[in-house]
$ cat coords_18.tsv   # TSV, C-alpha atoms
chain	number	residue	atom	x	y	z
A	140	MET	CA	-32.07	11.67	-16.63
A	141	ASN	CA	-32.69	9.86	-19.91
A	142	PRO	CA	-31.90	6.13	-19.89
A	143	LEU	CA	-28.21	5.37	-20.34
A	144	ARG	CA	-26.15	2.42	-21.47
A	145	VAL	CA	-24.16	1.67	-18.32
A	146	GLY	CA	-21.10	-0.52	-17.94
A	147	VAL	CA	-19.52	-1.56	-14.63
A	148	VAL	CA	-15.90	-2.54	-14.10
A	149	GLY	CA	-15.53	-4.19	-10.71
A	150	ALA	CA	-18.53	-6.26	-9.62
A	151	GLY	CA	-17.68	-5.97	-5.95
A	152	ARG	CA	-20.19	-5.18	-3.25
A	153	VAL	CA	-20.59	-1.57	-4.40
A	154	GLY	CA	-20.56	-2.04	-8.15
A	155	ALA	CA	-23.12	-4.81	-8.33
A	156	VAL	CA	-25.53	-3.00	-6.03
A	157	LEU	CA	-25.28	0.36	-7.81
A	158	ALA	CA	-25.78	-1.32	-11.17
A	159	ALA	CA	-28.86	-3.13	-9.87
A	160	ALA	CA	-30.23	0.14	-8.51
A	161	LEU	CA	-29.66	1.95	-11.81
A	162	ARG	CA	-31.40	-0.87	-13.63
A	163	THR	CA	-34.59	-0.34	-11.62
A	164	PRO	CA	-36.63	2.88	-11.91
A	165	SER	CA	-36.22	4.93	-8.73
A	166	ILE	CA	-39.35	5.88	-6.81
A	167	ALA	CA	-37.28	8.00	-4.42
A	168	SER	CA	-36.21	10.36	-7.18
A	169	GLY	CA	-39.77	11.49	-7.78
A	170	SER	CA	-39.31	11.32	-11.56
A	171	ALA	CA	-41.11	8.82	-13.75
A	172	SER	CA	-38.14	8.75	-16.16
A	173	ALA	CA	-35.52	8.23	-13.43
A	174	GLY	CA	-33.67	4.95	-13.31
A	175	GLY	CA	-34.44	2.17	-15.74
A	176	HIS	CA	-30.98	2.40	-17.29
A	177	GLU	CA	-29.59	-0.46	-19.35
A	178	ILE	CA	-26.67	-2.32	-17.81
A	179	VAL	CA	-24.96	-3.44	-20.99
A	180	ALA	CA	-22.02	-5.34	-19.50
A	181	VAL	CA	-20.09	-5.88	-16.30
A	182	ALA	CA	-16.55	-7.03	-15.52
A	183	GLY	CA	-15.85	-9.31	-12.58
A	184	GLU	CA	-13.57	-12.32	-12.40
A	185	SER	CA	-13.73	-13.73	-8.86
A	186	ASP	CA	-16.24	-16.35	-7.79
A	187	ALA	CA	-17.78	-13.84	-5.38
A	188	SER	CA	-18.19	-11.29	-8.17
A	189	ARG	CA	-19.79	-13.84	-10.47
A	190	ALA	CA	-22.21	-14.83	-7.71
A	191	ARG	CA	-23.20	-11.18	-7.15
A	192	ILE	CA	-23.71	-10.66	-10.87
A	193	ALA	CA	-25.95	-13.73	-11.07
A	194	ALA	CA	-27.99	-12.61	-8.06
A	195	LEU	CA	-28.29	-8.88	-8.69
A	196	LEU	CA	-27.79	-8.55	-12.47
A	197	PRO	CA	-29.28	-11.63	-14.09
A	198	GLY	CA	-28.86	-11.66	-17.84
A	199	VAL	CA	-26.15	-8.98	-17.93
A	200	PRO	CA	-23.13	-10.11	-20.01
A	201	VAL	CA	-19.81	-10.54	-18.21
A	202	GLU	CA	-17.01	-9.09	-20.32
A	203	LYS	CA	-13.41	-7.93	-20.11
A	204	PRO	CA	-13.02	-4.35	-18.79
A	205	THR	CA	-12.15	-2.91	-22.21
A	206	ALA	CA	-15.19	-4.55	-23.78
A	207	VAL	CA	-17.40	-3.14	-21.01
A	208	ALA	CA	-16.07	0.38	-21.64
A	209	ARG	CA	-16.57	0.16	-25.40
A	210	ALA	CA	-20.20	-0.89	-24.97
A	211	CYS	CA	-21.41	1.89	-22.67
A	212	ASP	CA	-22.12	5.61	-22.42
A	213	LEU	CA	-21.52	5.70	-18.66
A	214	LEU	CA	-18.63	3.68	-17.26
A	215	LEU	CA	-18.73	3.00	-13.51
A	216	LEU	CA	-15.34	2.11	-12.08
A	217	THR	CA	-15.92	0.35	-8.76
A	218	VAL	CA	-12.48	-1.17	-8.28
A	219	PRO	CA	-10.27	-0.87	-5.15
A	220	ASP	CA	-8.55	2.49	-4.65
A	221	ASP	CA	-5.05	1.18	-5.34
A	222	MET	CA	-6.13	-0.36	-8.66
A	223	LEU	CA	-8.07	2.63	-9.96
A	224	GLY	CA	-5.25	4.59	-11.56
A	225	ASN	CA	-3.91	1.61	-13.49
A	226	VAL	CA	-7.40	0.61	-14.68
A	227	VAL	CA	-8.10	4.12	-16.03
A	228	LYS	CA	-4.76	4.40	-17.80
A	229	THR	CA	-4.90	0.91	-19.27
A	230	MET	CA	-8.38	1.35	-20.71
A	231	THR	CA	-7.64	4.85	-22.00
A	232	ASP	CA	-4.43	3.69	-23.68
A	233	ALA	CA	-6.38	0.82	-25.27
A	234	GLY	CA	-8.91	3.25	-26.74
A	235	ALA	CA	-11.77	1.77	-24.74
A	236	ILE	CA	-12.48	5.08	-23.00
A	237	ARG	CA	-13.62	7.57	-25.64
A	238	PRO	CA	-14.14	11.32	-25.94
A	239	GLY	CA	-17.61	12.36	-24.80
A	240	MET	CA	-18.37	9.31	-22.66
A	241	TYR	CA	-18.98	9.57	-18.92
A	242	VAL	CA	-16.52	7.95	-16.52
A	243	ALA	CA	-17.35	7.86	-12.82
A	244	HIS	CA	-15.50	6.14	-10.02
A	245	THR	CA	-16.86	5.30	-6.56
A	246	SER	CA	-13.69	5.80	-4.52
A	247	GLY	CA	-14.08	7.91	-1.42
A	248	ARG	CA	-10.43	8.88	-1.28
A	249	HIS	CA	-9.87	9.87	-4.90
A	250	GLY	CA	-11.26	12.80	-6.81
A	251	LEU	CA	-10.66	13.81	-10.42
A	252	ALA	CA	-6.86	13.63	-10.58
A	253	ILE	CA	-6.93	9.83	-10.76
A	254	LEU	CA	-9.13	10.12	-13.89
A	255	GLU	CA	-6.78	12.51	-15.70
A	256	PRO	CA	-5.95	10.06	-18.54
A	257	ALA	CA	-9.65	9.85	-19.39
A	258	ALA	CA	-10.21	13.58	-19.01
A	259	ALA	CA	-7.23	14.30	-21.27
A	260	ILE	CA	-8.89	12.58	-24.23
A	261	GLY	CA	-12.23	14.35	-23.68
A	262	ALA	CA	-14.23	12.05	-21.40
A	263	HIS	CA	-16.54	13.56	-18.79
A	264	VAL	CA	-15.10	12.48	-15.42
A	265	MET	CA	-16.52	12.54	-11.90
A	266	ALA	CA	-16.20	10.99	-8.45
A	267	VAL	CA	-19.45	9.48	-7.10
A	268	HIS	CA	-18.92	7.91	-3.69
A	269	PRO	CA	-21.78	6.46	-1.63
A	270	ALA	CA	-21.30	7.12	2.09
A	271	MET	CA	-22.56	3.65	2.95
A	272	THR	CA	-21.22	0.25	3.87
A	273	PHE	CA	-22.32	-2.52	1.51
A	274	SER	CA	-23.07	-6.20	1.95
A	275	GLY	CA	-23.25	-6.81	-1.82
A	276	THR	CA	-26.79	-8.20	-1.60
A	277	SER	CA	-30.30	-6.99	-2.39
A	278	VAL	CA	-30.53	-5.74	1.21
A	279	ASP	CA	-28.39	-2.78	0.16
A	280	LEU	CA	-30.87	-1.53	-2.42
A	281	ALA	CA	-33.27	-0.12	0.17
A	282	ARG	CA	-30.36	1.44	2.08
A	283	LEU	CA	-29.51	3.63	-0.91
A	284	SER	CA	-32.65	5.65	-0.32
A	285	GLY	CA	-31.44	8.85	1.33
A	286	CYS	CA	-27.78	7.77	1.23
A	287	VAL	CA	-25.40	10.70	0.83
A	288	PHE	CA	-23.01	10.54	-2.16
A	289	GLY	CA	-19.77	12.52	-2.02
A	290	LEU	CA	-19.44	14.09	-5.47
A	291	THR	CA	-16.62	15.85	-7.28
A	292	ALA	CA	-16.87	17.13	-10.87
A	293	ALA	CA	-15.22	19.95	-12.82
A	294	THR	CA	-17.82	21.58	-15.04
A	295	PRO	CA	-21.42	22.71	-14.47
A	296	ALA	CA	-22.63	20.15	-17.01
A	297	ASP	CA	-20.75	17.32	-15.33
A	298	ARG	CA	-22.00	18.46	-11.94
A	299	ALA	CA	-25.59	18.36	-13.19
A	300	PHE	CA	-25.03	14.88	-14.63
A	301	ALA	CA	-23.55	13.58	-11.37
A	302	GLU	CA	-26.44	15.00	-9.35
A	303	SER	CA	-28.99	13.40	-11.69
A	304	LEU	CA	-27.20	10.07	-11.40
A	305	VAL	CA	-27.37	10.20	-7.60
A	306	LEU	CA	-31.05	11.12	-7.68
A	307	ASP	CA	-31.69	8.12	-9.94
A	308	LEU	CA	-30.08	6.00	-7.23
A	309	GLY	CA	-32.39	7.50	-4.62
A	310	GLY	CA	-29.46	9.27	-2.93
A	311	LYS	CA	-28.59	12.79	-1.82
A	312	PRO	CA	-25.74	14.71	-3.50
A	313	MET	CA	-23.01	16.35	-1.39
A	314	TRP	CA	-20.19	18.20	-3.09
A	315	VAL	CA	-16.65	17.53	-1.88
A	316	PRO	CA	-13.77	19.73	-3.11
A	317	GLU	CA	-11.00	17.86	-4.91
A	318	GLU	CA	-8.41	18.74	-2.26
A	319	MET	CA	-10.69	17.47	0.55
A	320	ARG	CA	-11.49	14.01	-0.82
A	321	THR	CA	-8.98	12.16	1.37
A	322	LEU	CA	-10.11	13.99	4.52
A	323	TYR	CA	-13.75	13.31	3.66
A	324	HIS	CA	-12.97	9.61	3.28
A	325	ALA	CA	-10.93	9.54	6.50
A	326	GLY	CA	-13.95	10.83	8.41
A	327	LEU	CA	-16.15	8.08	7.03
A	328	ALA	CA	-13.55	5.36	7.66
A	329	HIS	CA	-12.88	6.58	11.20
A	330	GLY	CA	-16.60	6.50	11.97
A	331	ALA	CA	-17.67	3.30	10.24
A	332	ASN	CA	-14.62	1.02	10.08
A	333	HIS	CA	-13.39	1.81	13.55
A	334	LEU	CA	-16.91	1.47	14.91
A	335	VAL	CA	-16.94	-2.14	13.73
A	336	THR	CA	-13.65	-2.79	15.53
A	337	LEU	CA	-14.90	-1.07	18.68
A	338	VAL	CA	-18.19	-2.97	18.77
A	339	THR	CA	-16.51	-6.31	18.06
A	340	GLU	CA	-14.06	-5.76	20.90
A	341	ALA	CA	-16.90	-4.74	23.25
A	342	MET	CA	-18.61	-8.04	22.40
A	343	GLU	CA	-15.40	-9.92	23.19
A	344	ILE	CA	-15.18	-8.25	26.59
A	345	LEU	CA	-18.80	-9.14	27.36
A	346	ALA	CA	-18.22	-12.72	26.20
A	347	ALA	CA	-15.25	-12.96	28.56
A	348	ALA	CA	-17.55	-11.72	31.33
A	349	GLY	CA	-19.97	-14.57	30.60
A	350	ALA	CA	-22.61	-12.84	28.48
A	351	THR	CA	-24.45	-15.44	26.38
A	352	ASP	CA	-25.69	-12.83	23.88
A	353	PRO	CA	-23.15	-9.99	23.67
A	354	ALA	CA	-24.77	-8.49	20.57
A	355	GLY	CA	-28.22	-8.47	22.11
A	356	THR	CA	-26.82	-6.94	25.28
A	357	LEU	CA	-25.13	-4.12	23.41
A	358	ARG	CA	-27.73	-3.38	20.73
A	359	PRO	CA	-30.12	-1.14	22.76
A	360	LEU	CA	-27.24	0.67	24.43
A	361	LEU	CA	-25.28	1.26	21.23
A	362	THR	CA	-28.35	2.31	19.26
A	363	ALA	CA	-29.18	4.93	21.88
A	364	ALA	CA	-25.55	6.06	22.14
A	365	LEU	CA	-25.21	6.41	18.35
A	366	ASP	CA	-28.44	8.39	18.03
A	367	ASN	CA	-27.44	10.66	20.91
A	368	ALA	CA	-23.94	11.21	19.51
A	369	LEU	CA	-25.25	12.08	16.05
A	370	ASP	CA	-27.80	14.49	17.54
A	371	HIS	CA	-25.77	16.05	20.34
A	372	GLY	CA	-22.05	15.38	19.77
A	373	ASP	CA	-19.88	15.50	22.90
A	374	ALA	CA	-22.89	16.32	25.06
A	375	ALA	CA	-23.91	12.68	24.66
A	376	LEU	CA	-20.83	11.43	26.53
A	377	THR	CA	-21.58	9.49	29.71
A	378	GLY	CA	-19.68	6.97	31.82
A	379	PRO	CA	-16.83	6.80	34.33
A	380	ILE	CA	-14.36	9.03	32.49
A	381	VAL	CA	-16.77	11.96	32.15
A	382	ARG	CA	-17.72	11.49	35.82
A	383	GLY	CA	-14.07	11.33	36.89
A	384	ASP	CA	-14.43	7.86	38.42
A	385	ALA	CA	-10.74	6.93	38.44
A	386	GLY	CA	-11.37	3.85	40.59
A	387	THR	CA	-13.78	2.42	38.04
A	388	VAL	CA	-11.37	3.09	35.17
A	389	ALA	CA	-8.57	1.36	37.13
A	390	ALA	CA	-10.80	-1.67	37.70
A	391	HIS	CA	-11.71	-1.77	34.00
A	392	LEU	CA	-8.06	-1.76	33.02
A	393	ASP	CA	-7.15	-4.55	35.43
A	394	ASP	CA	-9.98	-6.85	34.39
A	395	ILE	CA	-9.56	-6.20	30.67
A	396	ARG	CA	-5.83	-6.95	30.85
A	397	THR	CA	-6.58	-10.22	32.63
A	398	ASN	CA	-9.57	-11.44	30.64
A	399	ALA	CA	-9.58	-9.68	27.25
A	400	PRO	CA	-6.06	-8.31	26.73
A	401	GLN	CA	-6.47	-8.05	22.97
A	402	THR	CA	-8.85	-5.13	23.57
A	403	LEU	CA	-6.69	-3.22	26.06
A	404	ALA	CA	-4.87	-1.00	23.57
A	405	SER	CA	-8.13	0.17	21.99
A	406	TYR	CA	-9.74	0.76	25.38
A	407	VAL	CA	-6.79	2.91	26.50
A	408	SER	CA	-6.69	4.85	23.22
A	409	MET	CA	-10.41	5.61	23.23
A	410	ALA	CA	-10.39	6.39	26.94
A	411	ARG	CA	-7.59	8.91	26.37
A	412	ALA	CA	-9.53	10.59	23.53
A	413	THR	CA	-12.68	10.66	25.67
A	414	LEU	CA	-10.69	12.16	28.57
A	415	ASP	CA	-9.33	14.95	26.37
A	416	ARG	CA	-12.80	15.85	25.15
A	417	ALA	CA	-14.28	15.83	28.65
A	418	VAL	CA	-11.51	18.15	29.86
A	419	SER	CA	-11.72	20.52	26.90
A	420	ASP	CA	-15.44	21.17	27.38
A	421	GLY	CA	-15.03	21.75	31.13
A	422	ARG	CA	-16.97	18.78	32.45
A	423	LEU	CA	-14.01	17.17	34.18
A	424	LEU	CA	-11.81	18.88	36.76
A	425	PRO	CA	-8.08	18.80	35.95
A	426	ILE	CA	-7.18	16.97	39.20
A	427	ARG	CA	-9.58	14.12	38.38
A	428	ALA	CA	-8.41	14.08	34.78
A	429	LEU	CA	-4.79	13.75	35.93
A	430	LYS	CA	-5.60	10.65	37.99
A	431	ILE	CA	-7.21	8.98	34.98
A	432	LYS	CA	-4.38	10.07	32.67
A	433	ASN	CA	-1.83	8.47	34.99
A	434	LEU	CA	-3.81	5.22	34.97
A	435	LEU	CA	-3.90	5.22	31.17
A	436	ASP	CA	-0.17	5.99	30.97
A	437	ASP	CA	0.56	3.07	33.30
A	438	ALA	CA	-1.61	0.80	31.17
A	439	ASP	CA	0.27	1.88	28.04
A	440	ARG	CA	3.60	1.01	29.66
A	441	ALA	CA	2.31	-2.35	30.83
A	442	ALA	CA	0.99	-3.14	27.35
A	443	VAL	CA	4.44	-3.05	25.76
A	444	GLN	CA	4.47	-6.84	26.17
A	445	PRO	CA	0.78	-7.75	25.74
A	446	LEU	CA	-0.61	-10.95	27.17
A	447	PRO	CA	-1.65	-13.71	24.72
A	448	ARG	CA	-5.24	-13.87	23.58
A	449	PRO	CA	-7.24	-16.09	26.01
A	450	ALA	CA	-7.85	-19.59	24.65
A	451	HIS	CA	-11.63	-19.32	25.05
A	452	LEU	CA	-11.68	-16.45	22.50
A	453	TRP	CA	-9.74	-18.09	19.67
A	454	ASN	CA	-12.86	-19.55	18.04
A	455	GLN	CA	-14.97	-16.40	18.26

$ encode --input "coords_18.tsv" --output "structure tokens"
Amino acid sequence: MNPLRVGVVGAGRVGAVLAAALRTPSIASGSASAGGHEIVAVAGESDASRARIAALLPGVPVEKPTAVARACDLLLLTVPDDMLGNVVKTMTDAGAIRPGMYVAHTSGRHGLAILEPAAAIGAHVMAVHPAMTFSGTSVDLARLSGCVFGLTAATPADRAFAESLVLDLGGKPMWVPEEMRTLYHAGLAHGANHLVTLVTEAMEILAAAGATDPAGTLRPLLTAALDNALDHGDAALTGPIVRGDAGTVAAHLDDIRTNAPQTLASYVSMARATLDRAVSDGRLLPIRALKIKNLLDDADRAAVQPLPRPAHLWNQ
């Protein structure tokens, strides 16, 4: 792709990193002309955004969103999902978004419908969502290599442009139909966001058990479990539920309720989902499954009035 004049509205963790990546020629793309785009301006008002701009985009002017749009050929909208529609309409109504320019948003949930005001006046619109969690620092730049981007675009020309943009970022294009954008995003959120909650709660349980380094204790186990799950799916399941060890599950529930009650609801919910999967693939006999189901049902009823969070966990 020939060098572009790029503007970014929303210098959050995603926007600042993508702009920095587009500014630097991409080795991963395999093209000598890839990358090296000019970041002409960026919009970001919070202290955190200004700090990211200073660190990742030194020398790039900070402007109002309409000024950013008027200065660029490619406008990246990296604002929160609930703000996106208003930002597009406001800038289109102000004449900042023009016919023929490229407008791409990075929302996982939204597709092209949210960009309709821009499309209606002749802008080329597309959804370009990186399937990655961002820290908003230079650490993220290396992580873009091989990152999958969920793309949606309407015309062959716009599809080619979106693919070239992803290749310049060192990523891999994956096309997502307009009507499947929300489901696509739900899968990513369920895997990544809920994983963070699950791991954090597992560390709290280990801390309550006296572990001095919960993260270090879990890291080898979780790394192996994640790799196995990604490679083998349900076949990677191990543990007391798959084995039908109702006594162990009962002991877990009792000790968690006593020592880490804030994690009980999640434990029960995930145990129930694990139980269903173990039964459906035939690894767990129905009579054993029923014993575990009854334990989980009892735990649900007992959790109607949850115990307070233990005092030793308040500062963690």

$ atom_distance --input "coords_18.tsv" --atom1 "CA of Leu365 (chain A)" --atom2 "CA of Thr336 (chain A)"
15.0 Å

$ atom_distance --input "coords_18.tsv" --atom1 "CA of Leu280 (chain A)" --atom2 "CA of Asp307 (chain A)"
12.3 Å

$ residues_around --input "coords_18.tsv" --residues "Val227 (chain A)" --least-positions-apart "2" --cutoff "7 Å" --atoms "all atoms listed in the file" --output "number ranges by chain"
A: 223-225, 229-231, 254, 256-257

$ write_last_selection --input "coords_18.tsv" --atoms "C-alpha atoms" --output "mmCIF file, keeping the file's coordinate frame"
data_model
loop_
_atom_site.group_PDB
_atom_site.id
_atom_site.type_symbol
_atom_site.label_atom_id
_atom_site.label_comp_id
_atom_site.auth_asym_id
_atom_site.auth_seq_id
_atom_site.Cartn_x
_atom_site.Cartn_y
_atom_site.Cartn_z
ATOM 1 C CA LEU A 223 -8.070 2.630 -9.960
ATOM 2 C CA GLY A 224 -5.250 4.590 -11.560
ATOM 3 C CA ASN A 225 -3.910 1.610 -13.490
ATOM 4 C CA THR A 229 -4.900 0.910 -19.270
ATOM 5 C CA MET A 230 -8.380 1.350 -20.710
ATOM 6 C CA THR A 231 -7.640 4.850 -22.000
ATOM 7 C CA LEU A 254 -9.130 10.120 -13.890
ATOM 8 C CA PRO A 256 -5.950 10.060 -18.540
ATOM 9 C CA ALA A 257 -9.650 9.850 -19.390
#

$ atom_distance --input "coords_18.tsv" --atom1 "CA of Arg144 (chain A)" --atom2 "CA of Thr245 (chain A)"
17.8 Å

$ residues_around --input "coords_18.tsv" --residues "region 388-402 of chain A" --least-positions-apart "2" --cutoff "6 Å" --atoms "only C-alpha atoms" --output "list of chain:residue names"
A:Glu340, A:Ile344, A:Ala385, A:Gly386, A:Ala404, A:Ser405, A:Arg448

$ closest_residue --input "coords_18.tsv" --among "A:Arg191, A:Lys228, A:His176, A:Arg237" --to "Leu308 (chain A)" --atoms "all atoms listed in the file"
A:His176
